[in-house]
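Below is model27.tsv, holding TSV, C-alpha atoms.
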```tsv
chain	number	residue	atom	x	y	z
A	1	MET	CA	-18.56	11.72	19.41
A	2	GLU	CA	-17.19	14.76	17.65
A	3	LEU	CA	-13.62	13.70	18.46
A	4	ALA	CA	-14.04	10.60	16.32
A	5	GLY	CA	-14.87	12.84	13.37
A	6	LEU	CA	-11.78	14.92	14.03
A	7	ALA	CA	-9.69	11.78	14.32
A	8	ALA	CA	-11.06	10.46	11.03
A	9	GLY	CA	-10.19	13.69	9.25
A	10	ILE	CA	-6.68	13.81	10.66
A	11	ALA	CA	-6.07	10.13	9.96
A	12	VAL	CA	-7.07	10.41	6.33
A	13	GLY	CA	-5.33	13.74	5.80
A	14	PHE	CA	-1.95	12.71	7.16
A	15	GLY	CA	-2.26	9.17	5.86
A	16	VAL	CA	-2.70	10.36	2.30
A	17	LEU	CA	0.23	12.79	2.50
A	18	GLY	CA	2.99	10.16	2.33
A	19	PRO	CA	1.57	8.03	-0.51
A	20	GLY	CA	0.90	11.24	-2.46
A	21	ILE	CA	4.56	12.20	-2.29
A	22	GLY	CA	5.59	8.63	-3.05
A	23	VAL	CA	3.39	8.23	-6.11
A	24	GLY	CA	4.53	11.64	-7.35
A	25	LEU	CA	8.18	10.65	-7.05
A	26	ALA	CA	7.56	7.33	-8.78
A	27	THR	CA	5.74	8.98	-11.66
A	28	ALA	CA	8.43	11.65	-12.05
A	29	LYS	CA	11.17	9.03	-12.23
A	30	ALA	CA	9.19	6.85	-14.60
A	31	SER	CA	8.58	9.79	-16.95
A	32	GLU	CA	12.28	10.58	-16.85
A	33	ALA	CA	13.14	6.97	-17.60
A	34	ILE	CA	10.71	6.79	-20.53
A	35	GLY	CA	12.20	10.02	-21.86
A	36	ARG	CA	15.67	8.52	-21.76
A	37	ASN	CA	14.71	5.17	-23.21
A	38	PRO	CA	11.35	5.20	-25.00
A	39	ASP	CA	11.78	1.59	-26.12
A	40	ALA	CA	11.48	0.37	-22.54
A	41	ALA	CA	8.19	2.21	-22.00
A	42	GLY	CA	6.16	-0.99	-21.57
A	43	ALA	CA	8.30	-2.49	-18.84
A	44	ILE	CA	8.64	0.85	-17.06
A	45	ARG	CA	4.91	1.40	-17.16
A	46	ALA	CA	4.19	-2.01	-15.64
A	47	ASN	CA	6.65	-1.38	-12.83
A	48	LEU	CA	5.23	2.11	-12.31
A	49	ILE	CA	1.68	0.80	-11.96
A	50	LEU	CA	2.83	-1.83	-9.50
A	51	GLY	CA	4.87	0.59	-7.40
A	52	ALA	CA	2.17	3.24	-7.44
A	53	ALA	CA	-0.40	0.67	-6.38
A	54	LEU	CA	1.76	-0.52	-3.50
A	55	ALA	CA	2.34	3.05	-2.31
A	56	GLU	CA	-1.29	3.92	-2.75
A	57	GLY	CA	-2.35	0.94	-0.66
A	58	LEU	CA	-1.14	2.73	2.45
A	59	GLY	CA	-3.25	5.76	1.65
A	60	ILE	CA	-6.21	3.47	1.13
A	61	LEU	CA	-5.55	1.88	4.51
A	62	ALA	CA	-5.73	5.36	6.05
A	63	PHE	CA	-8.98	5.96	4.19
A	64	VAL	CA	-10.44	2.69	5.50
A	65	LEU	CA	-9.38	3.69	9.02
A	66	GLY	CA	-11.13	7.02	8.48
A	67	ILE	CA	-14.31	5.25	7.40
A	68	LEU	CA	-14.16	2.94	10.42
A	69	LEU	CA	-13.80	5.96	12.72
A	70	TRP	CA	-16.52	7.81	10.88
A	71	THR	CA	-19.02	4.97	11.36
A	72	ARG	CA	-18.41	5.33	15.14
A	73	ILE	CA	-19.83	8.86	15.04
A	74	GLY	CA	-23.44	8.06	14.37
B	1	MET	CA	-35.00	28.95	-6.87
B	2	ASP	CA	-37.58	26.68	-5.31
B	3	PHE	CA	-37.39	24.51	-8.37
B	4	LEU	CA	-33.64	23.99	-7.89
B	5	PHE	CA	-33.70	23.62	-4.11
B	6	PRO	CA	-37.06	22.25	-3.02
B	7	LYS	CA	-35.93	21.84	0.60
B	8	GLY	CA	-34.47	25.34	0.78
B	9	LEU	CA	-30.89	26.41	0.44
B	10	HIS	CA	-28.67	25.17	3.22
B	11	TYR	CA	-25.02	24.26	3.27
B	12	PRO	CA	-23.53	21.72	3.42
B	13	PRO	CA	-26.24	19.68	1.76
B	14	GLU	CA	-27.20	16.25	3.10
B	15	PHE	CA	-25.10	13.60	1.44
B	16	HIS	CA	-26.43	10.14	0.77
B	17	ILE	CA	-23.20	8.27	1.51
B	18	PRO	CA	-23.09	4.79	-0.08
B	19	SER	CA	-23.35	1.87	2.34
B	20	LEU	CA	-20.14	-0.02	3.11
B	21	THR	CA	-21.51	-3.47	2.28
B	22	GLY	CA	-24.33	-4.88	0.23
B	23	THR	CA	-27.85	-4.96	1.66
B	24	GLU	CA	-29.65	-8.23	2.21
B	25	ILE	CA	-32.38	-9.21	-0.24
B	26	LEU	CA	-33.38	-12.57	1.18
B	27	ARG	CA	-32.11	-14.86	3.90
B	28	VAL	CA	-32.04	-18.66	4.00
B	29	GLY	CA	-31.03	-19.86	7.45
B	30	PRO	CA	-27.60	-18.42	8.24
B	31	LEU	CA	-26.94	-17.48	4.60
B	32	SER	CA	-28.00	-14.16	3.22
B	33	TYR	CA	-28.30	-13.22	-0.42
B	34	THR	CA	-27.29	-9.61	-0.92
B	35	ASN	CA	-27.55	-7.27	-3.86
B	36	SER	CA	-23.79	-7.73	-4.44
B	37	HIS	CA	-24.45	-11.41	-5.13
B	38	PHE	CA	-27.17	-10.51	-7.57
B	39	THR	CA	-25.01	-8.00	-9.43
B	40	MET	CA	-22.10	-10.47	-9.53
B	41	LEU	CA	-24.47	-12.89	-11.22
B	42	LEU	CA	-25.38	-10.21	-13.77
B	43	VAL	CA	-21.69	-9.46	-14.44
B	44	GLY	CA	-21.00	-13.17	-14.89
B	45	ILE	CA	-23.90	-13.57	-17.31
B	46	PHE	CA	-22.72	-10.51	-19.24
B	47	LEU	CA	-19.15	-11.79	-19.62
B	48	VAL	CA	-20.23	-15.32	-20.55
B	49	THR	CA	-22.65	-13.94	-23.13
B	50	ILE	CA	-19.92	-11.82	-24.70
B	51	ALA	CA	-17.59	-14.82	-24.81
B	52	TRP	CA	-20.30	-17.02	-26.30
B	53	LEU	CA	-21.26	-14.47	-28.95
B	54	ALA	CA	-17.62	-13.93	-29.91
B	55	THR	CA	-16.81	-17.62	-30.32
B	56	ARG	CA	-20.10	-18.80	-31.83
B	57	GLN	CA	-18.92	-18.61	-35.43
B	58	LYS	CA	-15.18	-18.33	-35.47
B	59	ARG	CA	-13.62	-17.09	-38.67
B	60	ASP	CA	-10.02	-17.01	-39.83
B	61	VAL	CA	-10.33	-13.35	-40.68
B	62	PRO	CA	-12.05	-11.94	-37.60
B	63	SER	CA	-14.39	-9.01	-37.72
B	64	GLY	CA	-16.70	-7.22	-35.34
B	65	LEU	CA	-16.99	-8.66	-31.86
B	66	GLN	CA	-14.58	-11.52	-32.46
B	67	ASN	CA	-11.96	-9.00	-33.53
B	68	LEU	CA	-12.45	-6.95	-30.36
B	69	VAL	CA	-12.27	-9.96	-28.06
B	70	GLU	CA	-9.20	-11.33	-29.84
B	71	MET	CA	-7.48	-7.99	-29.50
B	72	LEU	CA	-8.30	-7.90	-25.78
B	73	VAL	CA	-7.09	-11.45	-25.13
B	74	GLN	CA	-3.96	-10.86	-27.17
B	75	GLY	CA	-3.23	-7.68	-25.24
B	76	LEU	CA	-3.69	-9.45	-21.90
B	77	GLU	CA	-1.47	-12.31	-23.03
B	78	ASP	CA	1.29	-9.94	-24.11
B	79	PHE	CA	1.05	-8.22	-20.76
B	80	VAL	CA	1.27	-11.47	-18.82
B	81	VAL	CA	4.26	-12.65	-20.87
B	82	SER	CA	6.01	-9.30	-20.44
B	83	ILE	CA	5.66	-9.62	-16.66
B	84	GLY	CA	6.33	-13.25	-15.93
B	85	GLY	CA	8.02	-14.59	-19.05
B	86	PRO	CA	6.65	-17.31	-21.35
B	87	SER	CA	6.18	-19.75	-18.47
B	88	ALA	CA	3.59	-17.40	-16.95
B	89	ARG	CA	1.27	-17.90	-19.91
B	90	LYS	CA	-0.60	-20.61	-18.00
B	91	TYR	CA	-1.81	-17.94	-15.56
B	92	LEU	CA	-3.49	-15.98	-18.35
B	93	PRO	CA	-6.96	-17.48	-17.62
B	94	LEU	CA	-6.80	-16.53	-13.93
B	95	PHE	CA	-5.34	-13.08	-14.61
B	96	GLY	CA	-7.74	-12.35	-17.45
B	97	THR	CA	-10.81	-13.48	-15.53
B	98	LEU	CA	-9.90	-11.42	-12.49
B	99	PHE	CA	-9.13	-8.41	-14.69
B	100	LEU	CA	-12.34	-8.56	-16.73
B	101	PHE	CA	-14.57	-9.24	-13.74
B	102	ILE	CA	-13.04	-6.47	-11.65
B	103	VAL	CA	-13.05	-3.90	-14.45
B	104	VAL	CA	-16.69	-4.54	-15.34
B	105	SER	CA	-17.64	-4.43	-11.66
B	106	ASN	CA	-15.72	-1.20	-11.12
B	107	TRP	CA	-17.40	0.42	-14.08
B	108	LEU	CA	-20.78	-0.49	-12.62
B	109	SER	CA	-20.04	1.81	-9.69
B	110	VAL	CA	-20.34	4.83	-12.01
B	111	THR	CA	-23.26	3.43	-14.01
B	112	PRO	CA	-26.63	5.09	-13.37
B	113	PHE	CA	-29.05	3.19	-11.07
B	114	PHE	CA	-26.28	1.04	-9.59
B	115	GLY	CA	-26.14	1.77	-5.89
B	116	GLN	CA	-29.45	3.63	-6.07
B	117	VAL	CA	-31.86	0.82	-6.91
B	118	GLU	CA	-32.09	-1.75	-4.13
B	119	LEU	CA	-31.26	-4.77	-6.29
B	120	LEU	CA	-28.16	-3.32	-7.95
B	121	ARG	CA	-24.80	-2.50	-6.46
B	122	ALA	CA	-21.24	-2.53	-7.80
B	123	PRO	CA	-19.80	-5.84	-6.46
B	124	THR	CA	-16.27	-4.60	-5.84
B	125	SER	CA	-17.46	-1.85	-3.50
B	126	ASP	CA	-18.50	-4.61	-1.09
B	127	TYR	CA	-15.40	-5.90	0.69
B	128	HIS	CA	-16.77	-9.44	1.02
B	129	VAL	CA	-16.50	-9.90	-2.76
B	130	ASN	CA	-12.91	-8.63	-2.81
B	131	PHE	CA	-11.97	-10.77	0.17
B	132	GLY	CA	-13.38	-13.82	-1.61
B	133	MET	CA	-11.27	-13.14	-4.69
B	134	ALA	CA	-8.18	-12.44	-2.58
B	135	VAL	CA	-8.56	-15.68	-0.60
B	136	ILE	CA	-9.02	-17.74	-3.77
B	137	ALA	CA	-5.96	-16.19	-5.41
B	138	TRP	CA	-3.94	-16.66	-2.21
B	139	LEU	CA	-4.87	-20.33	-1.90
B	140	ALA	CA	-4.13	-20.87	-5.60
B	141	TYR	CA	-0.60	-19.50	-5.49
B	142	GLN	CA	0.25	-21.23	-2.21
B	143	THR	CA	-0.97	-24.48	-3.74
B	144	ASP	CA	1.25	-23.93	-6.75
B	145	GLY	CA	4.23	-23.25	-4.51
B	146	PHE	CA	3.65	-26.43	-2.50
B	147	LYS	CA	3.21	-28.40	-5.73
B	148	LYS	CA	6.57	-27.24	-7.05
B	149	PHE	CA	8.73	-27.41	-3.89
B	150	GLY	CA	6.80	-29.86	-1.71
B	151	ILE	CA	7.17	-29.33	2.01
B	152	GLY	CA	10.43	-27.49	1.33
B	153	TYR	CA	8.32	-24.53	0.24
B	154	MET	CA	7.88	-23.70	3.91
B	155	SER	CA	11.63	-23.25	4.35
B	156	ARG	CA	11.25	-19.67	3.14
B	157	TRP	CA	9.23	-18.92	6.29
B	158	PHE	CA	10.94	-21.21	8.79
B	159	ASN	CA	14.52	-20.93	7.67
B	160	PHE	CA	17.06	-22.55	9.96
B	161	SER	CA	19.85	-22.87	7.38
B	162	GLY	CA	21.64	-19.80	8.79
B	163	PHE	CA	22.72	-21.58	11.97
B	164	LYS	CA	25.51	-23.27	10.01
B	165	GLU	CA	27.21	-19.90	9.77
B	166	GLY	CA	26.80	-18.92	13.40
B	167	ALA	CA	24.11	-18.07	15.88
B	168	PHE	CA	23.70	-14.43	14.84
B	169	VAL	CA	23.08	-15.16	11.15
B	170	GLY	CA	20.76	-17.98	12.14
B	171	VAL	CA	18.61	-15.73	14.31
B	172	ILE	CA	18.44	-13.11	11.55
B	173	PHE	CA	17.35	-15.74	9.01
B	174	VAL	CA	14.60	-16.95	11.33
B	175	LEU	CA	13.37	-13.39	11.91
B	176	VAL	CA	13.37	-12.60	8.19
B	177	GLY	CA	11.43	-15.78	7.56
B	178	LEU	CA	8.82	-14.82	10.15
B	179	ILE	CA	8.46	-11.35	8.62
B	180	GLU	CA	7.98	-13.05	5.26
B	181	LEU	CA	5.29	-15.30	6.73
B	182	PHE	CA	3.48	-12.34	8.24
B	183	SER	CA	3.63	-10.40	4.96
B	184	GLU	CA	2.28	-13.47	3.18
B	185	ILE	CA	-0.83	-13.44	5.39
B	186	PHE	CA	-1.05	-9.67	5.16
B	187	ARG	CA	-1.32	-9.87	1.35
B	188	MET	CA	-4.92	-11.09	1.57
B	189	LEU	CA	-5.85	-8.02	3.61
B	190	THR	CA	-4.06	-5.51	1.40
B	191	LEU	CA	-5.47	-6.99	-1.83
B	192	THR	CA	-8.97	-6.71	-0.38
B	193	LEU	CA	-8.67	-3.25	1.08
B	194	ARG	CA	-6.88	-1.69	-1.89
B	195	LEU	CA	-9.67	-2.56	-4.30
B	196	TRP	CA	-12.49	-1.87	-1.84
B	197	GLY	CA	-11.07	1.45	-0.70
B	198	ASN	CA	-10.54	2.65	-4.24
B	199	VAL	CA	-14.01	1.78	-5.52
B	200	LEU	CA	-15.92	2.88	-2.42
B	201	GLY	CA	-13.77	6.00	-2.14
B	202	GLY	CA	-14.63	6.82	-5.75
B	203	GLU	CA	-18.33	6.43	-5.05
B	204	ILE	CA	-18.14	8.65	-1.97
B	205	MET	CA	-16.11	11.21	-3.90
B	206	LEU	CA	-18.76	11.35	-6.64
B	207	VAL	CA	-21.51	11.87	-4.08
B	208	VAL	CA	-19.59	14.58	-2.26
B	209	MET	CA	-18.57	16.33	-5.49
B	210	SER	CA	-22.13	16.35	-6.80
B	211	GLY	CA	-23.32	18.17	-3.68
B	212	LEU	CA	-20.30	20.23	-2.71
B	213	LEU	CA	-20.93	23.40	-4.66
B	214	PHE	CA	-24.28	24.29	-6.12
B	215	LEU	CA	-23.06	23.34	-9.58
B	216	PRO	CA	-24.93	20.39	-11.09
B	217	GLY	CA	-22.22	19.15	-13.48
B	218	LEU	CA	-19.29	19.20	-11.10
B	219	ALA	CA	-19.18	15.40	-10.73
B	220	ILE	CA	-19.02	14.65	-14.46
B	221	PRO	CA	-15.21	14.97	-14.91
B	222	PHE	CA	-14.75	12.66	-11.94
B	223	VAL	CA	-16.83	9.99	-13.64
B	224	GLY	CA	-14.19	9.82	-16.36
B	225	PHE	CA	-11.53	9.67	-13.68
B	226	GLU	CA	-13.33	6.77	-12.00
B	227	VAL	CA	-13.53	4.88	-15.29
B	228	PHE	CA	-9.76	5.21	-15.57
B	229	ILE	CA	-9.22	4.19	-11.93
B	230	GLY	CA	-11.45	1.16	-12.51
B	231	VAL	CA	-9.18	-0.18	-15.26
B	232	ILE	CA	-6.04	0.58	-13.25
B	233	GLN	CA	-7.35	-1.19	-10.16
B	234	GLY	CA	-8.37	-4.26	-12.15
B	235	LEU	CA	-4.90	-4.32	-13.68
B	236	VAL	CA	-3.25	-3.89	-10.28
B	237	PHE	CA	-5.21	-6.70	-8.66
B	238	GLY	CA	-4.41	-9.10	-11.51
B	239	LEU	CA	-0.80	-7.95	-11.69
B	240	LEU	CA	-0.21	-8.43	-7.97
B	241	VAL	CA	-1.73	-11.91	-8.05
B	242	LEU	CA	0.47	-12.76	-11.03
B	243	MET	CA	3.49	-11.40	-9.18
B	244	TYR	CA	2.69	-13.50	-6.13
B	245	PHE	CA	2.59	-16.58	-8.36
B	246	VAL	CA	5.98	-15.66	-9.83
B	247	LEU	CA	7.44	-15.06	-6.37
B	248	ALA	CA	6.01	-18.30	-4.99
B	249	LEU	CA	7.48	-20.34	-7.83
B	250	GLU	CA	10.96	-18.89	-7.80
B	251	GLY	CA	13.61	-20.79	-5.91
B	252	HIS	CA	15.85	-19.55	-3.17
B	253	GLY	CA	18.78	-17.27	-3.91
B	254	GLU	CA	17.55	-16.36	-7.37
B	255	HIS	CA	16.43	-12.91	-6.31
B	256	ASP	CA	19.50	-11.24	-7.75
B	257	GLU	CA	19.28	-12.73	-11.23
B	258	GLU	CA	15.60	-11.99	-11.63
B	259	GLY	CA	16.26	-8.31	-11.08
B	260	ALA	CA	13.78	-5.53	-11.50
B	261	HIS	CA	10.37	-7.20	-11.73
B	262	THR	CA	10.55	-9.34	-8.66
B	263	ASP	CA	11.98	-6.73	-6.34
B	264	VAL	CA	8.97	-4.49	-6.77
B	265	GLY	CA	6.66	-7.35	-5.94
B	266	GLU	CA	7.75	-7.47	-2.31
B	267	GLU	CA	5.05	-6.41	0.08
B	268	HIS	CA	5.30	-2.70	0.70
B	269	THR	CA	4.88	-2.12	4.41
B	270	LEU	CA	6.89	-5.05	5.61
B	271	HIS	CA	9.41	-4.58	2.89
B	272	LEU	CA	10.49	-1.43	4.66
B	273	ALA	CA	11.00	-3.36	7.87
B	274	SER	CA	12.95	-6.17	6.24
B	275	HIS	CA	14.93	-3.88	4.00
B	276	GLU	CA	17.55	-3.10	6.61
B	277	GLN	CA	18.24	-6.76	7.09
B	278	GLN	CA	18.48	-7.43	3.38
B	279	PRO	CA	22.18	-6.56	2.90
B	280	ALA	CA	23.16	-8.86	5.76
B	281	LEU	CA	21.14	-11.63	4.16
B	282	GLN	CA	22.72	-11.14	0.76
B	283	ARG	CA	26.21	-11.02	2.24
B	284	ALA	CA	25.52	-14.24	4.06
B	285	GLN	CA	24.25	-15.89	0.88
B	286	ALA	CA	27.27	-14.76	-1.09
B	287	HIS	CA	29.69	-16.47	1.26
```

Rewrite the coordinates I just gave you, this time as structure tokens.
Amino acid sequence: MELAGLAAGIAVGFGVLGPGIGVGLATAKASEAIGRNPDAAGAIRANLILGAALAEGLGILAFVLGILLWTRIG
Amino acid sequence: MDFLFPKGLHYPPEFHIPSLTGTEILRVGPLSYTNSHFTMLLVGIFLVTIAWLATRQKRDVPSGLQNLVEMLVQGLEDFVVSIGGPSARKYLPLFGTLFLFIVVSNWLSVTPFFGQVELLRAPTSDYHVNFGMAVIAWLAYQTDGFKKFGIGYMSRWFNFSGFKEGAFVGVIFVLVGLIELFSEIFRMLTLTLRLWGNVLGGEIMLVVMSGLLFLPGLAIPFVGFEVFIGVIQGLVFGLLVLMYFVLALEGHGEHDEEGAHTDVGEEHTLHLASHEQQPALQRAQAH
């Protein structure tokens, strides 16, 4: 099925869009925060990693969905 | 030209996409022994050997391997204490083991011969391994929660205390509790898929990058990127498990005092759904 391939591409493409913006915003704010208060860099970094991982999880779910669709093609 | 492209030049080239799970080596009845099991065994032997070598002759003034291992353990301990406070130090063994195992396994996915030879495969790019770790961590923190609060631990999921303040608040409390219960079960799935998707996605990306343009070295910068991602994903898995322990052990109504760390630990997807109901909940608790 060619449509499954198309669906996989669209699912991954749009699914990664949101987490990309989210992780970018989180990193921008974290850099700003570290610039304001370098002493708190450790705590900010831990929270950044956690938040980025949680946002990225959605993109990974889209990727897994893409893989599941892609295995239907063959 | 024939030397570079023995099968002729055609685009796009045929990719050898990595398999989604491990392949079976031998089968005993209903149980199969896959190459992920074998590589997990190798990783375990490697880590135990390092630990044994480092602690064989302990010295007051460490040097060499003992120094390296002490630095690593000290760094992990500082990290755990900075996240969960001094009372979280008892979770250092669990966190550290998960972290070291996952990082070594992730690094194997960019090691030559792993994934190409039949017997070798990076364990964390097989979702069964990740699901096993997620289930064990999940059972461990639920057990800790039940140990601390007894059967009252379940009141965070089946919360009928709101009916004292009226039917509307009561219904909202019950719904929030059910969302919490669902997110609790969902955590196993997200822990598994986050790690699996990252490692397998990295492998696929390396394969695609190495064949995308006709440039042989195009994949090399991405190997460094994957090494970095491997550490981050190991840290994230351990950190989330640690956070779930902290959340399971904290009592009711302490969310506000705990502040920044615990808020981030809420589950992401369902957090969005429950977020609108959060102010109502807090107002009700304040009264």

(request) Starting from chain A, keep only residues with some atom at most 6 Å from an atom of chain B, counting all atoms listed in the file, and report them as a PyMOL selection string. (result) chain A and resi 54+57+60

Could you dump the residues just selected with C-alpha atoms as a compact mmCIF listing (two decimals), in the coordinates of the input?
```txt
# COMPACT_ATOMS: atom_id res chain seq x y z
CA LEU A 54 1.76 -0.52 -3.50
CA GLY A 57 -2.35 0.94 -0.66
CA ILE A 60 -6.21 3.47 1.13
```

(request) Take CA of Ile10 (chain A) and CA of Val23 (chain A) and report the distance between them in Å, one decimal. (result)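 So the two atoms, CA of Ile10 (chain A) and CA of Val23 (chain A), lie 20.3 Å apart.
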
(request) List the neighbours of Gly64 (chain B) out to 12 Å using all atoms listed in the file; skip same-chain residues closer than 6 positions along the sequence, and give me the result as a list of chain:residue names. (result) B:Leu53, B:Ala54, B:Thr55, B:Gln57, B:Lys58, B:Glu70, B:Met71

(request) Report the distance between CA of Gly115 (chain B) and CA of Ile204 (chain B) in Å, rounded to one decimal place. (result) 11.3 Å

(request) Please provide the set of residues having any atom within 12 Å of Ala43 (chain A), restricted to all atoms listed in the file, with same-chain residues fewer than 3 positions apart removed, written as an MDAnalysis selection string. (result) (chainID A and resid 30 33:34 37:40 46:50) or (chainID B and resid 78:84 260:261)

(message) For a quick check of understanding, using only C-alpha atoms, which of B:Leu76, B:Leu98, B:Met188, B:Met209 has the smallest distance to Phe131 (chain B)?
(response)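 Ranking B:Leu76, B:Leu98, B:Met188, B:Met209 by distance to Phe131 (chain B), first place goes to B:Met188.
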
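Taking CA of Leu100 (chain B) and CA of Ile17 (chain B) as the two end points, the separation is 27.1 Å.
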
(message) Here is a test: counting all atoms listed in the file, which residue of A:Trp70, A:Gly24, A:Arg36, A:Phe63 is nearest to Gly51 (chain A)?
(response) A:Gly24

(request) Using all atoms listed in the file, collect all residues at a distance of at most 10 Å from (-16.9, 7.0, 13.9) as written in the file, then present them as a PyMOL selection string. (result) chain A and resi 1-8+65-74

(request) Give me the residues within 7 Å of region 226-231 of chain B as JSON, numbers by chain, counting only C-alpha atoms and dropping any in the same chain fewer than 5 places off. (result) {"B": [103, 106, 107, 202]}

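For Trp138 (chain B), the set of protein, DNA and RNA residues having any atom at most 10 Å away, when counting only C-alpha atoms and skipping those fewer than 3 positions along the same chain, is Gly132, Met133, Ala134, Val135, Tyr141, Gln142, Thr143, Glu184, Ile185, Arg187, Met188, Leu191, Val241, Tyr244 and Phe245 of chain B.
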
Edge lengths and centre in Å to one decimal, as lines of an AutoDock Vina configuration file, of the axis-aligned box that encloses all listed atoms of region 36-49 of chain A with 3 Å added on every side?
```
center_x = 8.7
center_y = 3.0
center_z = -19.0
size_x = 20.0
size_y = 17.0
size_z = 20.2
```

Can you spit out region 31-72 of chain A with C-alpha atoms, as a PDB file, in the first residue's frame, from the structure just given?
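The result, stored in result.pdb:
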```pdb
ATOM      1  CA  SER A  31      19.665  29.510  28.381  1.00  0.00           C
ATOM      2  CA  GLU A  32      18.110  32.811  29.381  1.00  0.00           C
ATOM      3  CA  ALA A  33      17.688  31.614  32.949  1.00  0.00           C
ATOM      4  CA  ILE A  34      21.281  30.386  33.173  1.00  0.00           C
ATOM      5  CA  GLY A  35      22.431  33.744  31.800  1.00  0.00           C
ATOM      6  CA  ARG A  36      20.527  35.558  34.521  1.00  0.00           C
ATOM      7  CA  ASN A  37      21.570  33.275  37.340  1.00  0.00           C
ATOM      8  CA  PRO A  38      24.616  31.144  36.523  1.00  0.00           C
ATOM      9  CA  ASP A  39      24.706  29.706  40.047  1.00  0.00           C
ATOM     10  CA  ALA A  40      21.459  27.844  39.447  1.00  0.00           C
ATOM     11  CA  ALA A  41      22.782  26.196  36.280  1.00  0.00           C
ATOM     12  CA  GLY A  42      22.671  22.676  37.741  1.00  0.00           C
ATOM     13  CA  ALA A  43      19.046  22.769  38.806  1.00  0.00           C
ATOM     14  CA  ILE A  44      17.989  24.478  35.583  1.00  0.00           C
ATOM     15  CA  ARG A  45      19.811  21.909  33.499  1.00  0.00           C
ATOM     16  CA  ALA A  46      18.132  19.008  35.285  1.00  0.00           C
ATOM     17  CA  ASN A  47      14.711  20.550  34.756  1.00  0.00           C
ATOM     18  CA  LEU A  48      15.558  21.304  31.133  1.00  0.00           C
ATOM     19  CA  ILE A  49      16.550  17.707  30.433  1.00  0.00           C
ATOM     20  CA  LEU A  50      13.372  16.458  32.060  1.00  0.00           C
ATOM     21  CA  GLY A  51      11.110  18.875  30.210  1.00  0.00           C
ATOM     22  CA  ALA A  52      12.843  18.298  26.897  1.00  0.00           C
ATOM     23  CA  ALA A  53      12.537  14.551  27.362  1.00  0.00           C
ATOM     24  CA  LEU A  54       8.831  14.806  28.124  1.00  0.00           C
ATOM     25  CA  ALA A  55       8.230  16.988  25.057  1.00  0.00           C
ATOM     26  CA  GLU A  56      10.371  14.773  22.905  1.00  0.00           C
ATOM     27  CA  GLY A  57       8.419  11.700  23.971  1.00  0.00           C
ATOM     28  CA  LEU A  58       5.511  12.849  21.827  1.00  0.00           C
ATOM     29  CA  GLY A  59       7.731  13.151  18.790  1.00  0.00           C
ATOM     30  CA  ILE A  60       9.032   9.675  19.496  1.00  0.00           C
ATOM     31  CA  LEU A  61       5.463   8.389  19.695  1.00  0.00           C
ATOM     32  CA  ALA A  62       4.870   9.836  16.220  1.00  0.00           C
ATOM     33  CA  PHE A  63       8.046   8.144  15.028  1.00  0.00           C
ATOM     34  CA  VAL A  64       6.895   4.793  16.446  1.00  0.00           C
ATOM     35  CA  LEU A  65       3.537   5.275  14.715  1.00  0.00           C
ATOM     36  CA  GLY A  66       5.432   5.956  11.486  1.00  0.00           C
ATOM     37  CA  ILE A  67       7.416   2.751  11.905  1.00  0.00           C
ATOM     38  CA  LEU A  68       4.254   0.761  12.594  1.00  0.00           C
ATOM     39  CA  LEU A  69       2.666   2.165   9.425  1.00  0.00           C
ATOM     40  CA  TRP A  70       5.833   1.590   7.465  1.00  0.00           C
ATOM     41  CA  THR A  71       5.954  -2.109   8.410  1.00  0.00           C
ATOM     42  CA  ARG A  72       2.437  -2.413   6.886  1.00  0.00           C
TER      43      ARG A  72
END
```
